[in-house]
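Visitor: Would you mind keeping the following structure in view while I ask a few things?
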Amino acid sequence: MNQPVKTYSIETLQALLKENGLPAFRATQMLEWLYGKGVTSYEEMTNMPKAVREQFAEAYPLYTPTVADKQVSIDGSRKYLLRFHDDVIVETVGLPSNDGRLTVCCSSQAGCAMGCTFCATGRNGLTRDLAVGEIVDQILAVQRDFGERVTNVVVMGQGEPFANYDNVLAALRIMNHPKLLSIGARHITVSTCGLIEGINKFAEEPEQFTLAISLHAARQEARDKIMPAVKNQRLGALRQALERYAETTGRRFSFEYALMEGVNDSEEDLQELITYCKRLLCHVNLIPLNEIDDSPIHPVSNDVMRYWRDALENAGTPASIRASRGSDIAGACGQLANKYK
Ligand code: SAH
Ligand code: SF4
């Protein structure tokens, strides 16, 4: 069945053009129009034969998301709500930094099925997976709005990337491709709630993409409470997968840990985390929890964050406190999209 053109990966688009009797260089041209220049219609693909443009416009519609809303933070970050052709919306954030980098935090799904209790996205369940081009379009939208090249990508917006593995990987390859977005693999980070099968596959990918794991508790009972969907991905098995990941790739990954008062912030939680990280090639990012509306879960004080960071460092695990950005524009994952609904 024909699909919108932006549902195809680099390889499937190449195969599609071949099936339509077109030489290989036409696929390269089309990819450059779609993801290098970011055109919004086939008509703009001026070096493609008119008949091909018309045939494709008919068979494989080209959709481009619109910016339904945009908020600018006092710290310079910009948060967008993008609306796709079927009215599904996702959020994307552009984060400029003083050293010239421009980072995009993009979504991999509209909504999320995992239902983590502290997460705004998790509240409303999954709407649908995003198509390959819908993931890449988020980068193009930020690039266009800032008028600058995007240098870094973190797949930390809405959704669980490893629950939409193939589309996410195909999108990362388009971002990474030297003739398309040309974003270095090491500057692209995927964050997962810890789906072991995905981690195993990701370890085998040839590109040096970076991995982040939302751990949020190294004590099984605490983790089961706040991340109910990954109860079956036990902490022990997760650790083994991460050991293998580090062995296979030689790359350090990071743990994300949002400290939540009375939930995962006890001395026992800290000691479990220290033990969990021992001899793992990891880095711990302590994240200030973004409070979501009507939630009984609250952040801890900065003193507690610093205490945890120092304790981890003293135990030999590199740790840092991630600066919270854009909290004045509903910075947490899913919050803007929820307000919009
Ligand atoms: N589903 C993936 C990626 C998207 S979430 C994952 O869970 O890793 C991106 C990050 O934001 C994750 O580390 C997630 O745990 C974190 N997060 C979610 N809600 C948050 C909140 N209210 N405050 C701080 N971080 C949050
Ligand atoms: Fe989904 Fe990640 Fe939010 Fe959990 S933290 S509900 S996995 S987006």
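Residues in the structure tokens are named by chain (A, B, ... in the order shown) and by number from 1 within that chain; ligands are numbered from 1 in the order shown.
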Counting only C-alpha atoms and all ligand atoms, which residues of chain A fall within 8 Å of ligand 2, and what is the closest atom pair for each with its distance in Å at one decimal, ordered by chain and rising number, as a Markdown table?
Guide:
```
| residue | atom | partner | partner_atom_place_in_ligand_line | distance |
| --- | --- | --- | --- | --- |
| A:Gly111 | CA | ligand 2 | 8 (S) | 7.4 |
| A:Cys112 | CA | ligand 2 | 1 (Fe) | 4.7 |
| A:Ala113 | CA | ligand 2 | 1 (Fe) | 6.3 |
| A:Met114 | CA | ligand 2 | 6 (S) | 4.6 |
| A:Gly115 | CA | ligand 2 | 6 (S) | 4.4 |
| A:Cys116 | CA | ligand 2 | 6 (S) | 4.2 |
| A:Thr117 | CA | ligand 2 | 6 (S) | 7.2 |
| A:Phe118 | CA | ligand 2 | 5 (S) | 7.4 |
| A:Cys119 | CA | ligand 2 | 3 (Fe) | 4.7 |
| A:Ala120 | CA | ligand 2 | 3 (Fe) | 6.7 |
| A:Thr121 | CA | ligand 2 | 3 (Fe) | 5.2 |
| A:Gly122 | CA | ligand 2 | 6 (S) | 3.5 |
| A:Arg123 | CA | ligand 2 | 6 (S) | 7.2 |
| A:Met156 | CA | ligand 2 | 8 (S) | 7.4 |
| A:Gly157 | CA | ligand 2 | 8 (S) | 6.8 |
| A:Gln158 | CA | ligand 2 | 8 (S) | 5.0 |
| A:Gly159 | CA | ligand 2 | 8 (S) | 4.4 |
| A:Glu160 | CA | ligand 2 | 7 (S) | 4.9 |
| A:Ser191 | CA | ligand 2 | 2 (Fe) | 7.9 |
| A:Thr192 | CA | ligand 2 | 7 (S) | 6.6 |
| A:Cys193 | CA | ligand 2 | 7 (S) | 4.9 |
| A:Ser214 | CA | ligand 2 | 5 (S) | 7.1 |
| A:Met227 | CA | ligand 2 | 4 (Fe) | 6.7 |
| A:Cys333 | CA | ligand 2 | 3 (Fe) | 6.9 |
| A:Gly334 | CA | ligand 2 | 3 (Fe) | 7.8 |
```
Visitor: Run DSSP on the backbone and tell me which residues of region 48-263 of chain A come out as strand (DSSP E or B); list them as an NGL selection string.
Guide: :A and (66-72 or 78-83 or 89-96 or 102-105 or 109-111 or 126-129 or 152-155 or 188-192 or 210-214 or 253-260)
Visitor: Write out as a PyMOL selection string which residues come within 9 Å of Ser324 (chain A) when counting only C-alpha atoms, dropping same-chain ones fewer than 5 positions away.
Guide: chain A and resi 287-290+331
Visitor: Pull all heavy atoms from the residues just selected and write them as a short mmCIF file (atom, residue, chain, number, x, y, z; two decimals), in the first residue's frame.
Guide:
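What landed in again_29.cif:
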```
data_model
loop_
_atom_site.label_atom_id
_atom_site.label_comp_id
_atom_site.auth_asym_id
_atom_site.auth_seq_id
_atom_site.Cartn_x
_atom_site.Cartn_y
_atom_site.Cartn_z
N ILE A 287 18.29 14.79 37.85
CA ILE A 287 17.39 15.75 37.19
C ILE A 287 16.45 16.37 38.21
O ILE A 287 15.83 15.64 38.99
CB ILE A 287 16.54 15.04 36.12
CG1 ILE A 287 17.42 14.21 35.17
CG2 ILE A 287 15.69 16.01 35.34
CD1 ILE A 287 16.61 13.33 34.24
N PRO A 288 16.33 17.69 38.21
CA PRO A 288 15.31 18.28 39.09
C PRO A 288 13.92 17.90 38.55
O PRO A 288 13.65 18.09 37.37
CB PRO A 288 15.54 19.78 38.96
CG PRO A 288 16.59 19.98 37.93
CD PRO A 288 17.03 18.67 37.38
N LEU A 289 13.10 17.33 39.40
CA LEU A 289 11.76 16.91 38.95
C LEU A 289 10.94 18.13 38.57
O LEU A 289 10.89 19.11 39.30
CB LEU A 289 11.05 16.13 40.06
CG LEU A 289 9.65 15.63 39.67
CD1 LEU A 289 9.75 14.36 38.83
CD2 LEU A 289 8.79 15.39 40.90
N ASN A 290 10.31 18.08 37.43
CA ASN A 290 9.36 19.11 37.04
C ASN A 290 8.01 18.71 37.59
O ASN A 290 7.50 17.64 37.24
CB ASN A 290 9.27 19.17 35.52
CG ASN A 290 10.05 20.30 34.94
OD1 ASN A 290 9.84 21.46 35.28
ND2 ASN A 290 10.98 19.97 34.07
N GLY A 331 8.24 23.21 31.01
CA GLY A 331 9.36 22.48 30.43
C GLY A 331 9.25 20.97 30.46
O GLY A 331 9.82 20.29 29.62
#
```
Visitor: May I have the residues within 8 Å of region 47-64 of chain A as a list in words, using only C-alpha atoms and disregarding those fewer than 6 positions away in the same chain?
Guide: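 These residues fall inside the cut-off: Asn2, Gln3, Pro4, Val5, Lys6, Arg26, Gln29, Met30, Thr40, Ser41, Phe84, His85 and Asp137 of chain A.
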